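File shown: target-v9.cif (mmCIF, C-alpha atoms).
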data_start
#
loop_
_atom_site.label_atom_id
_atom_site.label_comp_id
_atom_site.auth_asym_id
_atom_site.auth_seq_id
_atom_site.Cartn_x
_atom_site.Cartn_y
_atom_site.Cartn_z
CA MET A 242 -15.59 -4.11 19.98
CA GLY A 243 -18.37 -6.67 19.36
CA SER A 244 -20.77 -4.14 17.87
CA VAL A 245 -18.08 -2.85 15.52
CA ILE A 246 -17.47 -6.33 14.15
CA THR A 247 -21.21 -6.84 13.67
CA ILE A 248 -21.51 -3.55 11.79
CA GLU A 249 -18.46 -4.42 9.68
CA GLN A 250 -20.04 -7.77 8.76
CA LYS A 251 -23.26 -5.97 7.87
CA ILE A 252 -21.34 -3.58 5.64
CA LEU A 253 -19.55 -6.44 3.89
CA LYS A 254 -22.82 -8.34 3.43
CA LYS A 255 -24.54 -5.28 1.99
CA ASN A 256 -21.51 -4.67 -0.24
CA ASN A 257 -21.63 -8.23 -1.56
CA GLU A 258 -25.31 -7.81 -2.42
CA LEU A 259 -24.60 -4.63 -4.36
CA ALA A 260 -21.63 -6.30 -6.05
CA GLU A 261 -23.93 -9.11 -7.18
CA GLU A 262 -26.34 -6.50 -8.57
CA ASN A 263 -23.45 -4.92 -10.45
CA ARG A 264 -22.36 -8.28 -11.83
CA GLN A 265 -25.84 -9.11 -13.10
CA ARG A 266 -26.04 -5.71 -14.72
CA PHE A 267 -22.65 -6.18 -16.40
CA ASP A 268 -23.72 -9.63 -17.63
CA SER A 269 -27.03 -8.43 -19.02
CA HIS A 270 -25.15 -5.83 -21.09
CA GLY A 271 -22.39 -8.24 -22.09
CA VAL A 272 -19.69 -6.17 -20.39
CA PHE A 273 -16.59 -7.98 -19.11
CA VAL A 274 -15.21 -6.30 -16.01
CA ILE A 275 -11.65 -6.45 -14.69
CA SER A 276 -10.53 -4.83 -11.45
CA LEU A 277 -6.89 -3.95 -10.80
CA VAL A 278 -5.44 -3.95 -7.29
CA SER A 279 -1.90 -3.38 -5.98
CA SER A 280 0.35 -1.38 -3.66
CA PRO A 281 0.68 2.31 -4.49
CA GLY A 282 3.06 2.73 -7.39
CA SER A 283 3.14 -0.86 -8.69
CA GLY A 284 2.02 0.31 -12.11
CA LYS A 285 -1.77 -0.14 -12.30
CA THR A 286 -2.26 3.01 -14.38
CA SER A 287 0.79 2.34 -16.56
CA LEU A 288 -0.43 -1.19 -17.27
CA LEU A 289 -3.84 0.25 -18.15
CA GLU A 290 -2.31 2.84 -20.50
CA GLN A 291 -0.34 0.14 -22.30
CA SER A 292 -3.28 -2.29 -22.45
CA LEU A 293 -5.89 0.25 -23.60
CA THR A 294 -3.81 1.30 -26.58
CA ILE A 295 -3.88 -2.28 -27.85
CA LEU A 296 -7.34 -3.38 -26.71
CA LYS A 297 -9.23 -0.38 -28.01
CA LYS A 298 -8.40 -1.33 -31.59
CA ASN A 299 -10.91 -4.20 -31.46
CA LEU A 300 -12.99 -3.58 -28.35
CA ARG A 301 -14.95 -0.74 -26.81
CA VAL A 302 -13.07 -0.16 -23.57
CA ALA A 303 -13.86 2.10 -20.59
CA VAL A 304 -12.30 2.75 -17.19
CA ILE A 305 -13.44 3.57 -13.66
CA GLU A 306 -10.56 5.18 -11.77
CA GLY A 307 -10.45 4.97 -7.98
CA ASP A 308 -8.25 7.35 -6.00
CA VAL A 309 -8.06 8.61 -2.45
CA GLN A 310 -7.34 12.09 -3.78
CA THR A 311 -6.77 13.80 -7.16
CA ASP A 312 -7.87 12.84 -10.67
CA ARG A 313 -4.29 12.45 -11.94
CA ASP A 314 -4.80 8.84 -13.05
CA ALA A 315 -8.10 9.62 -14.77
CA GLN A 316 -6.35 12.35 -16.72
CA ARG A 317 -3.69 9.86 -17.84
CA ILE A 318 -6.41 7.45 -19.01
CA ALA A 319 -8.40 10.20 -20.74
CA ALA A 320 -5.23 11.06 -22.67
CA ALA A 321 -5.41 7.53 -24.13
CA ASP A 322 -8.77 8.60 -25.60
CA VAL A 323 -10.83 6.12 -23.58
CA PRO A 324 -13.97 7.00 -21.59
CA VAL A 325 -13.12 7.28 -17.90
CA VAL A 326 -15.12 8.02 -14.75
CA GLN A 327 -13.24 9.09 -11.63
CA ILE A 328 -14.16 8.04 -8.10
CA VAL A 329 -12.38 10.08 -5.40
CA THR A 330 -12.91 8.34 -2.05
CA ASN A 331 -11.69 11.27 0.09
CA GLY A 332 -9.62 9.16 2.42
CA THR A 333 -11.44 5.82 2.19
CA CYS A 334 -8.91 3.07 1.63
CA HIS A 335 -10.84 0.93 -0.90
CA LEU A 336 -13.59 1.07 -3.50
CA GLU A 337 -17.01 -0.33 -2.65
CA ALA A 338 -19.72 -1.76 -4.87
CA ARG A 339 -22.00 1.24 -4.25
CA MET A 340 -19.28 3.63 -5.48
CA VAL A 341 -19.08 1.59 -8.68
CA GLN A 342 -22.87 1.75 -8.91
CA ASP A 343 -22.69 5.55 -8.67
CA ALA A 344 -20.00 5.67 -11.35
CA LEU A 345 -22.11 3.51 -13.67
CA ARG A 346 -24.70 6.31 -13.84
CA GLU A 347 -22.16 8.17 -15.96
CA MET A 348 -21.68 5.27 -18.39
CA ASP A 349 -23.67 3.65 -21.19
CA LEU A 350 -22.98 -0.06 -20.69
CA ASP A 351 -24.39 -0.86 -24.13
CA GLU A 352 -21.43 1.00 -25.59
CA ILE A 353 -18.80 -0.94 -23.62
CA ASP A 354 -17.27 -4.40 -24.14
CA LEU A 355 -14.53 -4.25 -21.54
CA LEU A 356 -14.59 -2.20 -18.32
CA PHE A 357 -11.51 -1.79 -16.13
CA ILE A 358 -11.86 -0.67 -12.53
CA GLU A 359 -8.63 0.63 -10.99
CA ASN A 360 -8.89 0.27 -7.23
CA ILE A 361 -7.10 2.34 -4.55
CA GLY A 362 -3.38 1.57 -4.13
CA ASN A 363 -3.61 -0.71 -1.10
CA LEU A 364 -2.76 -4.40 -0.72
CA ILE A 365 -5.04 -4.96 2.27
CA CYS A 366 -8.48 -3.34 2.50
CA PRO A 367 -9.71 -3.73 -1.13
CA ALA A 368 -9.39 -7.52 -0.73
CA SER A 369 -12.59 -7.62 1.34
CA TYR A 370 -14.80 -5.65 -1.06
CA GLU A 371 -16.24 -7.32 -4.16
CA LEU A 372 -17.20 -4.78 -6.82
CA GLY A 373 -19.03 -7.09 -9.21
CA GLU A 374 -15.95 -7.67 -11.37
CA HIS A 375 -15.48 -10.91 -13.31
CA LEU A 376 -11.74 -10.90 -12.82
CA ARG A 377 -9.52 -9.43 -10.13
CA VAL A 378 -5.96 -8.78 -11.20
CA VAL A 379 -3.28 -8.10 -8.59
CA ILE A 380 -0.16 -6.29 -9.79
CA MET A 381 3.13 -6.70 -7.96
CA SER A 382 6.28 -4.96 -9.09
CA THR A 383 9.75 -6.49 -8.90
CA THR A 384 10.99 -3.58 -6.77
CA GLU A 385 8.69 -4.55 -3.90
CA GLY A 386 10.54 -7.74 -2.96
CA GLU A 387 9.49 -11.36 -3.37
CA ASP A 388 7.53 -11.91 -0.18
CA LYS A 389 4.43 -9.75 -0.61
CA PRO A 390 2.11 -12.73 -1.31
CA LEU A 391 3.09 -14.25 2.05
CA LYS A 392 2.72 -10.94 3.89
CA TYR A 393 -0.56 -9.88 2.26
CA PRO A 394 -2.12 -13.28 1.47
CA ALA A 395 -5.81 -12.27 1.32
CA MET A 396 -5.32 -10.13 -1.77
CA PHE A 397 -3.43 -12.82 -3.64
CA ARG A 398 -5.92 -15.48 -2.57
CA ARG A 399 -8.87 -13.43 -3.82
CA SER A 400 -7.35 -12.56 -7.20
CA GLN A 401 -7.38 -14.73 -10.31
CA VAL A 402 -4.45 -13.13 -12.10
CA LEU A 403 -1.04 -11.86 -10.99
CA VAL A 404 0.84 -9.38 -13.16
CA LEU A 405 4.52 -9.24 -12.20
CA ASN A 406 5.41 -5.76 -13.40
CA LYS A 407 8.68 -3.81 -13.90
CA VAL A 408 10.65 -6.86 -15.06
CA ASP A 409 12.90 -4.43 -17.03
CA LEU A 410 14.49 -3.52 -13.67
CA LEU A 411 15.50 -7.12 -12.87
CA PRO A 412 19.16 -6.66 -13.91
CA PHE A 413 19.51 -3.91 -11.29
CA LEU A 414 17.79 -5.68 -8.39
CA SER A 415 18.61 -8.61 -6.17
CA TYR A 416 15.20 -10.06 -6.88
CA ASN A 417 14.40 -13.73 -7.38
CA LEU A 418 11.52 -13.89 -9.88
CA GLU A 419 11.03 -17.65 -9.45
CA GLU A 420 10.82 -17.31 -5.69
CA ALA A 421 8.24 -14.52 -6.04
CA LYS A 422 6.10 -16.72 -8.31
CA ASP A 423 6.54 -19.66 -5.98
CA PHE A 424 5.33 -17.57 -3.00
CA ALA A 425 2.32 -16.37 -4.99
CA LEU A 426 1.36 -19.88 -6.09
CA ARG A 427 1.84 -21.17 -2.57
CA VAL A 428 -0.87 -18.72 -1.43
CA ASN A 429 -3.08 -19.29 -4.50
CA PRO A 430 -2.14 -22.24 -6.74
CA ALA A 431 -4.78 -21.21 -9.33
CA LEU A 432 -3.18 -17.80 -10.06
CA LYS A 433 -2.54 -17.10 -13.74
CA ILE A 434 0.77 -15.19 -13.90
CA PHE A 435 2.04 -12.67 -16.46
CA GLU A 436 5.39 -10.88 -16.50
CA THR A 437 5.34 -7.35 -17.88
CA SER A 438 7.26 -4.12 -18.25
CA CYS A 439 5.31 -0.99 -19.07
CA THR A 440 8.62 0.71 -19.94
CA THR A 441 9.80 -1.75 -22.60
CA GLY A 442 6.39 -3.24 -23.43
CA HIS A 443 7.60 -6.74 -22.51
CA GLY A 444 4.71 -9.17 -22.01
CA ILE A 445 1.98 -6.62 -22.73
CA ARG A 446 0.85 -8.33 -25.93
CA GLU A 447 0.59 -11.73 -24.23
CA TRP A 448 -1.44 -10.20 -21.40
CA THR A 449 -3.83 -8.29 -23.66
CA GLU A 450 -4.29 -11.30 -25.96
CA TRP A 451 -5.21 -13.47 -23.01
CA LEU A 452 -7.58 -10.77 -21.72
CA ARG A 453 -9.23 -10.47 -25.11
CA SER A 454 -9.81 -14.20 -25.48
CA THR A 455 -11.02 -14.53 -21.89
CA ALA A 456 -13.45 -11.62 -22.35
CA ARG A 457 -14.66 -13.14 -25.62
CA GLY A 458 -15.24 -16.52 -23.97
CA ARG A 459 -17.16 -14.79 -21.24
CA THR A 460 -19.34 -12.86 -23.67
CA TRP A 461 -20.17 -16.06 -25.53
CA ASN A 462 -21.22 -17.66 -22.27
CA VAL A 463 -23.45 -14.74 -21.51
CA VAL A 464 -24.99 -14.78 -24.99
CA SER A 465 -25.62 -18.52 -24.94
CA SER A 466 -27.18 -18.36 -21.49
CA LEU A 467 -29.60 -15.74 -22.79
CA GLN A 468 -30.77 -17.91 -25.67
CA MET B 276 -23.88 4.80 8.07
CA GLY B 277 -24.12 7.41 10.86
CA SER B 278 -23.59 4.94 13.67
CA VAL B 279 -20.52 3.52 11.95
CA ILE B 280 -18.92 6.94 11.76
CA THR B 281 -19.69 7.57 15.44
CA ILE B 282 -18.09 4.25 16.40
CA GLU B 283 -15.08 5.01 14.21
CA GLN B 284 -14.65 8.37 15.94
CA LYS B 285 -14.91 6.66 19.31
CA ILE B 286 -12.23 4.18 18.25
CA LEU B 287 -9.92 6.97 17.09
CA LYS B 288 -10.51 8.95 20.29
CA LYS B 289 -9.79 5.90 22.44
CA ASN B 290 -6.70 5.17 20.33
CA ASN B 291 -5.41 8.71 20.81
CA GLU B 292 -5.81 8.39 24.58
CA LEU B 293 -3.83 5.14 24.60
CA ALA B 294 -1.22 6.71 22.32
CA GLU B 295 -0.82 9.55 24.80
CA GLU B 296 -0.35 6.99 27.60
CA ASN B 297 2.33 5.30 25.50
CA ARG B 298 4.07 8.62 24.86
CA GLN B 299 4.15 9.51 28.56
CA ARG B 300 5.53 6.08 29.34
CA PHE B 301 8.24 6.44 26.67
CA ASP B 302 9.13 9.90 28.03
CA SER B 303 9.33 8.75 31.62
CA HIS B 304 11.84 6.07 30.57
CA GLY B 305 13.76 8.40 28.24
CA VAL B 306 12.98 6.29 25.16
CA PHE B 307 12.83 8.05 21.79
CA VAL B 308 10.30 6.38 19.49
CA ILE B 309 10.21 6.48 15.69
CA SER B 310 7.49 4.88 13.60
CA LEU B 311 8.05 3.92 9.98
CA VAL B 312 5.20 3.96 7.45
CA SER B 313 5.11 3.32 3.69
CA SER B 314 3.60 1.31 0.85
CA PRO B 315 4.41 -2.40 0.87
CA GLY B 316 7.94 -2.93 -0.41
CA SER B 317 9.26 0.63 -0.13
CA GLY B 318 12.10 -0.56 2.06
CA LYS B 319 11.07 -0.03 5.71
CA THR B 320 12.78 -3.21 6.90
CA SER B 321 15.85 -2.65 4.72
CA LEU B 322 16.20 0.90 6.04
CA LEU B 323 15.89 -0.46 9.56
CA GLU B 324 18.54 -3.14 8.95
CA GLN B 325 20.95 -0.50 7.62
CA SER B 326 20.19 1.97 10.41
CA LEU B 327 20.36 -0.50 13.28
CA THR B 328 23.84 -1.66 12.32
CA ILE B 329 25.11 1.91 12.75
CA LEU B 330 22.92 3.10 15.62
CA LYS B 331 23.43 0.10 17.89
CA LYS B 332 27.12 0.98 18.26
CA ASN B 333 26.24 3.90 20.54
CA LEU B 334 22.62 3.40 21.49
CA ARG B 335 20.45 0.64 22.88
CA VAL B 336 17.99 0.07 20.07
CA ALA B 337 14.86 -2.10 19.86
CA VAL B 338 12.15 -2.74 17.29
CA ILE B 339 8.43 -3.48 17.22
CA GLU B 340 7.54 -5.13 13.91
CA GLY B 341 4.00 -4.85 12.56
CA ASP B 342 2.80 -7.25 9.88
CA VAL B 343 -0.54 -8.46 8.56
CA GLN B 344 0.88 -11.99 8.38
CA THR B 345 4.22 -13.76 8.98
CA ASP B 346 7.20 -12.84 11.14
CA ARG B 347 9.58 -12.55 8.18
CA ASP B 348 10.54 -8.96 8.95
CA ALA B 349 11.06 -9.68 12.64
CA GLN B 350 13.42 -12.49 11.68
CA ARG B 351 15.41 -10.08 9.50
CA ILE B 352 15.67 -7.62 12.40
CA ALA B 353 16.59 -10.35 14.89
CA ALA B 354 19.43 -11.32 12.56
CA ALA B 355 20.82 -7.81 13.13
CA ASP B 356 21.10 -8.82 16.81
CA VAL B 357 18.59 -6.26 18.04
CA PRO B 358 15.65 -7.03 20.39
CA VAL B 359 12.43 -7.27 18.38
CA VAL B 360 8.78 -7.90 19.24
CA GLN B 361 6.44 -8.97 16.46
CA ILE B 362 2.83 -7.83 16.16
CA VAL B 363 0.80 -9.86 13.63
CA THR B 364 -2.50 -8.05 13.00
CA ASN B 365 -4.18 -10.98 11.20
CA GLY B 366 -5.67 -8.86 8.45
CA THR B 367 -5.95 -5.50 10.20
CA CYS B 368 -4.51 -2.81 7.93
CA HIS B 369 -2.71 -0.67 10.54
CA LEU B 370 -1.15 -0.79 14.00
CA GLU B 371 -3.06 0.71 16.93
CA ALA B 372 -1.80 2.16 20.21
CA ARG B 373 -3.23 -0.78 22.20
CA MET B 374 -1.23 -3.25 20.07
CA VAL B 375 1.92 -1.29 20.90
CA GLN B 376 0.90 -1.34 24.55
CA ASP B 377 0.63 -5.14 24.38
CA ALA B 378 4.04 -5.37 22.70
CA LEU B 379 5.60 -3.20 25.43
CA ARG B 380 4.85 -5.93 27.97
CA GLU B 381 7.63 -7.90 26.29
CA MET B 382 10.16 -5.05 26.59
CA ASP B 383 12.19 -3.44 29.35
CA LEU B 384 12.04 0.25 28.48
CA ASP B 385 14.84 1.03 30.92
CA GLU B 386 17.15 -0.94 28.63
CA ILE B 387 16.18 1.00 25.47
CA ASP B 388 17.26 4.38 24.14
CA LEU B 389 15.69 4.22 20.70
CA LEU B 390 12.59 2.24 19.73
CA PHE B 391 11.52 1.79 16.11
CA ILE B 392 7.97 0.74 15.29
CA GLU B 393 7.55 -0.61 11.77
CA ASN B 394 3.91 -0.18 10.77
CA ILE B 395 1.91 -2.26 8.25
CA GLY B 396 2.76 -1.55 4.58
CA ASN B 397 -0.14 0.79 3.76
CA LEU B 398 -0.12 4.46 2.77
CA ILE B 399 -3.68 5.13 3.94
CA CYS B 400 -5.05 3.59 7.13
CA PRO B 401 -2.02 3.94 9.48
CA ALA B 402 -2.20 7.73 8.99
CA SER B 403 -5.20 7.94 11.34
CA TYR B 404 -3.70 5.99 14.24
CA GLU B 405 -1.21 7.63 16.59
CA LEU B 406 0.94 5.07 18.40
CA GLY B 407 2.65 7.38 20.87
CA GLU B 408 5.70 7.84 18.67
CA HIS B 409 7.77 11.04 18.79
CA LEU B 410 8.53 10.96 15.09
CA ARG B 411 6.67 9.49 12.15
CA VAL B 412 8.85 8.73 9.14
CA VAL B 413 7.23 8.03 5.77
CA ILE B 414 9.34 6.13 3.25
CA MET B 415 8.70 6.49 -0.47
CA SER B 416 10.76 4.65 -3.05
CA THR B 417 11.75 6.10 -6.38
CA THR B 418 10.09 3.20 -8.22
CA GLU B 419 6.64 4.28 -7.00
CA GLY B 420 6.43 7.43 -9.11
CA GLU B 421 6.55 11.07 -8.06
CA ASP B 422 2.91 11.71 -7.25
CA LYS B 423 2.25 9.61 -4.15
CA PRO B 424 2.24 12.64 -1.78
CA LEU B 425 -0.59 14.19 -3.83
CA LYS B 426 -2.54 10.93 -4.02
CA TYR B 427 -2.08 9.92 -0.38
CA PRO B 428 -1.76 13.33 1.31
CA ALA B 429 -2.86 12.43 4.85
CA MET B 430 0.16 10.22 5.43
CA PHE B 431 2.62 12.85 4.21
CA ARG B 432 0.85 15.58 6.17
CA ARG B 433 1.03 13.57 9.40
CA SER B 434 4.70 12.62 9.08
CA GLN B 435 7.68 14.74 10.09
CA VAL B 436 10.30 13.04 7.94
CA LEU B 437 10.33 11.70 4.38
CA VAL B 438 12.94 9.14 3.35
CA LEU B 439 13.23 8.91 -0.43
CA ASN B 440 14.58 5.40 -0.83
CA LYS B 441 16.06 3.36 -3.71
CA VAL B 442 17.88 6.35 -5.25
CA ASP B 443 20.40 3.83 -6.69
CA LEU B 444 17.75 2.94 -9.28
CA LEU B 445 17.40 6.53 -10.55
CA PRO B 446 19.56 5.96 -13.66
CA PHE B 447 17.13 3.25 -14.80
CA LEU B 448 13.87 5.10 -14.14
CA SER B 449 12.10 8.06 -15.70
CA TYR B 450 11.69 9.57 -12.27
CA ASN B 451 11.99 13.25 -11.42
CA LEU B 452 13.42 13.44 -7.89
CA GLU B 453 12.95 17.21 -7.63
CA GLU B 454 9.31 16.95 -8.66
CA ALA B 455 8.73 14.22 -6.06
CA LYS B 456 10.24 16.41 -3.34
CA ASP B 457 8.25 19.39 -4.58
CA PHE B 458 4.99 17.38 -4.37
CA ALA B 459 5.85 16.22 -0.85
CA LEU B 460 6.67 19.74 0.35
CA ARG B 461 3.51 21.08 -1.26
CA VAL B 462 1.51 18.71 0.97
CA ASN B 463 3.70 19.28 4.04
CA PRO B 464 6.20 22.17 3.85
CA ALA B 465 7.76 21.16 7.21
CA LEU B 466 8.89 17.71 6.00
CA LYS B 467 12.56 16.93 6.60
CA ILE B 468 13.75 14.94 3.56
CA PHE B 469 16.52 12.34 3.24
CA GLU B 470 17.62 10.47 0.13
CA THR B 471 18.81 6.93 0.69
CA SER B 472 19.72 3.65 -0.95
CA CYS B 473 19.78 0.54 1.21
CA THR B 474 21.65 -1.26 -1.60
CA THR B 475 24.61 1.14 -1.89
CA GLY B 476 24.31 2.69 1.58
CA HIS B 477 23.90 6.17 0.07
CA GLY B 478 22.54 8.68 2.60
CA ILE B 479 22.28 6.18 5.45
CA ARG B 480 24.97 7.85 7.54
CA GLU B 481 23.38 11.30 7.18
CA TRP B 482 20.00 9.87 8.19
CA THR B 483 21.30 7.98 11.22
CA GLU B 484 23.42 10.97 12.35
CA TRP B 485 20.36 13.21 12.23
CA LEU B 486 18.31 10.59 14.09
CA ARG B 487 20.95 10.25 16.77
CA SER B 488 21.21 13.99 17.38
CA THR B 489 17.44 14.42 17.35
CA ALA B 490 17.00 11.57 19.83
CA ARG B 491 19.73 13.04 22.04
CA GLY B 492 18.07 16.46 22.00
CA ARG B 493 14.83 14.83 22.94
CA THR B 494 16.36 12.93 25.84
CA TRP B 495 17.92 16.11 27.18
CA ASN B 496 14.52 17.78 27.09
CA VAL B 497 13.00 14.93 29.04
CA VAL B 498 15.80 14.97 31.60
CA SER B 499 15.61 18.72 32.11
CA SER B 500 11.83 18.63 32.46
CA LEU B 501 12.19 16.07 35.21
CA GLN B 502 14.59 18.22 37.26
#

How would this structure read if it were set down as structure tokens?
Amino acid sequence: MGSVITIEQKILKKNNELAEENRQRFDSHGVFVISLVSSPGSGKTSLLEQSLTILKKNLRVAVIEGDVQTDRDAQRIAAADVPVVQIVTNGTCHLEARMVQDALREMDLDEIDLLFIENIGNLICPASYELGEHLRVVIMSTTEGEDKPLKYPAMFRRSQVLVLNKVDLLPFLSYNLEEAKDFALRVNPALKIFETSCTTGHGIREWTEWLRSTARGRTWNVVSSLQ
Amino acid sequence: MGSVITIEQKILKKNNELAEENRQRFDSHGVFVISLVSSPGSGKTSLLEQSLTILKKNLRVAVIEGDVQTDRDAQRIAAADVPVVQIVTNGTCHLEARMVQDALREMDLDEIDLLFIENIGNLICPASYELGEHLRVVIMSTTEGEDKPLKYPAMFRRSQVLVLNKVDLLPFLSYNLEEAKDFALRVNPALKIFETSCTTGHGIREWTEWLRSTARGRTWNVVSSLQ
């Protein structure tokens, strides 16, 4: 299996190089890029729908949608009247930097302030592949149980933000929110945590406000570094 | 990337050979083997806990637990007073036949009628790796949305049974159960479907009864083929 590991390392190294190219390109156009990762069905697309409605009032927002099959999520995003490019991986379990590079051919970065990349629903494989994003956001829903950060630590370690979604269901679950947060912070003490419900809208404004101010700070940094 | 694909095919071919060895070994000992696959947090371990309590009254049951990290699930199973062997993959996103083979060294197959293998929480990668199981059961929870079979078709195509779990939450979700079943059957018309709740116990008896009679039928086949 030695040669397989070597090839895998080569692939990851090459991916990191392309991710760095992406990041430089995003920076030179002043685009702030957020990737979303989670299990299937944790609410990545629902969170996007809710966030886009608010963010697009003041910012030019666009989305890259990653899916193993179908363009169902891209259609949901397009319905929110936001530019969206779909990547269908045809079975591949994660997005890679080169796929993002291909998708960027369909976008005018000068027309975008904020770019979301929705990764494949998978808590394992996408952890290893940088895309060039400035921020990786992992979404975990209350219905999945508290212990996912302990069981899938790499993803929580390599994200900067945790969105705890579906908090509207808490009254109907035996779910300990504090324990879930404690597990997440045990794996990554620097995680910034939000609690949201895409059904009731709980926490969405706090999350989008934070995103807006973080993106603005980032853009300022980019501008000042260019002067 | 050509050489990578060739190596991947070699790995899958080798895995299938080992899976076939496993299957022959299970058959020669009259052990019926069920693997469980799903997203993280769909309820594989909870379904197991519920099922074991009932099944162990009449059958000698054992479990192989697959996890990326931690032995939390194995501890839950052990609490149900059932023999359990833990496989920790250390980052690998699926179980492989050789890992099962290693785990079998810790088990006496002559003392087992029914063996469950709980795979890694991942709707993509485990689809490609046979383990030697007789039955692959995919679990999908109502909180994940209806469209997972369309978005992750390989897993639903390569399973024989679908357990629709967490139906107790239906009153609190905008979830169309019939549409979810329709999507699943569109991908795999032969799927046998159960509806369960591990919180209320709904559907558990029907599922375990079916499992028991299927396992019994299987054992008879094995016995008669040996005569």

> Quick one, how far is CA of Asp409 (chain A) from CA of Cys439 (chain A)?
Replying inline: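 Separation between CA of Asp409 (chain A) and CA of Cys439 (chain A): 8.6 Å.
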
>> I need the output of the PyMOL selection byres ((chain B) within 9 of (chain A)) for this file as a PyMOL selection string; which residues are they?
In response: chain B and resi 278-279+282-283+314-318+342-347+366-368+396-400+418-420+422-423+425-429+444+447-448+474

> Taking (21.6, 11.4, 13.4) in the file's coordinates, which residues come within 12 Å, counting all atoms listed in the file, written as a ChimeraX atom specification?
Replying inline: /B:326-327,329-330,333-334,389,469,478-492

> Could you write out as a PyMOL selection string the residues that the PyMOL selection byres ((chain A and resi 305) around 12) matches in the shown file?
Replying inline: chain A and resi 274-277+286+289+302-304+306-308+312+314-316+318-319+323-329+336+340-348+355-361+372+374

> Written as JSON, numbers by chain, what is the full residue list that the PyMOL selection byres ((chain A and resi 399) around 10) yields on the file shown?
Replying inline: {"A": [368, 369, 371, 376, 377, 378, 379, 394, 395, 396, 397, 398, 400, 401, 402, 428, 429, 432]}

>> Using Å and a single decimal, report how far CA of Thr475 (chain B) sits from CA of Leu445 (chain B).
In response: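 About the pair CA of Leu445 (chain B) and CA of Thr475 (chain B): they are 12.5 Å apart.
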
> Which of these residues is nearest to Pro367 (chain A), using only C-alpha atoms: A:Glu337, A:Asp349, A:Glu258, A:Asp354?
Replying inline: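 The answer is A:Glu337, which sits nearest to Pro367 (chain A).
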
> Between CA of Gly271 (chain A) and CA of His375 (chain A), what is the distance, to one decimal in Å?
Replying inline: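 Going from CA of Gly271 (chain A) over to CA of His375 (chain A), I get 11.5 Å.
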
Produce the centre coordinates and the three edge lengths, each in Å to one decimal, of the box along x, y and z that contains all listed atoms of region 355-373 of chain A with 8 Å added on each side, as AutoDock Vina command-line options.
--center_x -10.9 --center_y -2.6 --center_z -9.5 --size_x 32.3 --size_y 26.0 --size_z 40.0

Because the input lacks atoms here, generate N, CA and C atoms for region 341-352 of chain B and report them as a short mmCIF file (atom, residue, chain, number, x, y, z; two decimals), in the coordinates of the input.
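Result file part_3.cif:
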data_model
loop_
_atom_site.label_atom_id
_atom_site.label_comp_id
_atom_site.auth_asym_id
_atom_site.auth_seq_id
_atom_site.Cartn_x
_atom_site.Cartn_y
_atom_site.Cartn_z
N GLY B 341 5.41 -4.61 12.86
CA GLY B 341 4.00 -4.85 12.56
C GLY B 341 3.83 -5.51 11.21
N ASP B 342 3.09 -6.60 11.16
CA ASP B 342 2.80 -7.25 9.88
C ASP B 342 1.38 -7.80 9.88
N VAL B 343 0.78 -7.86 8.71
CA VAL B 343 -0.54 -8.46 8.56
C VAL B 343 -0.43 -9.96 8.79
N GLN B 344 0.61 -10.55 8.23
CA GLN B 344 0.88 -11.99 8.38
C GLN B 344 2.39 -12.20 8.39
N THR B 345 2.83 -13.29 8.92
CA THR B 345 4.22 -13.76 8.98
C THR B 345 5.12 -12.93 9.90
N ASP B 346 6.21 -13.55 10.34
CA ASP B 346 7.20 -12.84 11.14
C ASP B 346 8.51 -12.70 10.35
N ARG B 347 8.40 -12.63 9.03
CA ARG B 347 9.58 -12.55 8.18
C ARG B 347 10.45 -11.33 8.48
N ASP B 348 9.78 -10.17 8.68
CA ASP B 348 10.54 -8.96 8.95
C ASP B 348 11.22 -9.02 10.32
N ALA B 349 10.49 -9.56 11.30
CA ALA B 349 11.06 -9.68 12.64
C ALA B 349 12.31 -10.56 12.61
N GLN B 350 12.25 -11.61 11.80
CA GLN B 350 13.42 -12.49 11.68
C GLN B 350 14.61 -11.75 11.08
N ARG B 351 14.32 -10.89 10.10
CA ARG B 351 15.41 -10.08 9.50
C ARG B 351 16.03 -9.16 10.55
N ILE B 352 15.17 -8.55 11.37
CA ILE B 352 15.67 -7.62 12.40
C ILE B 352 16.45 -8.39 13.47
#
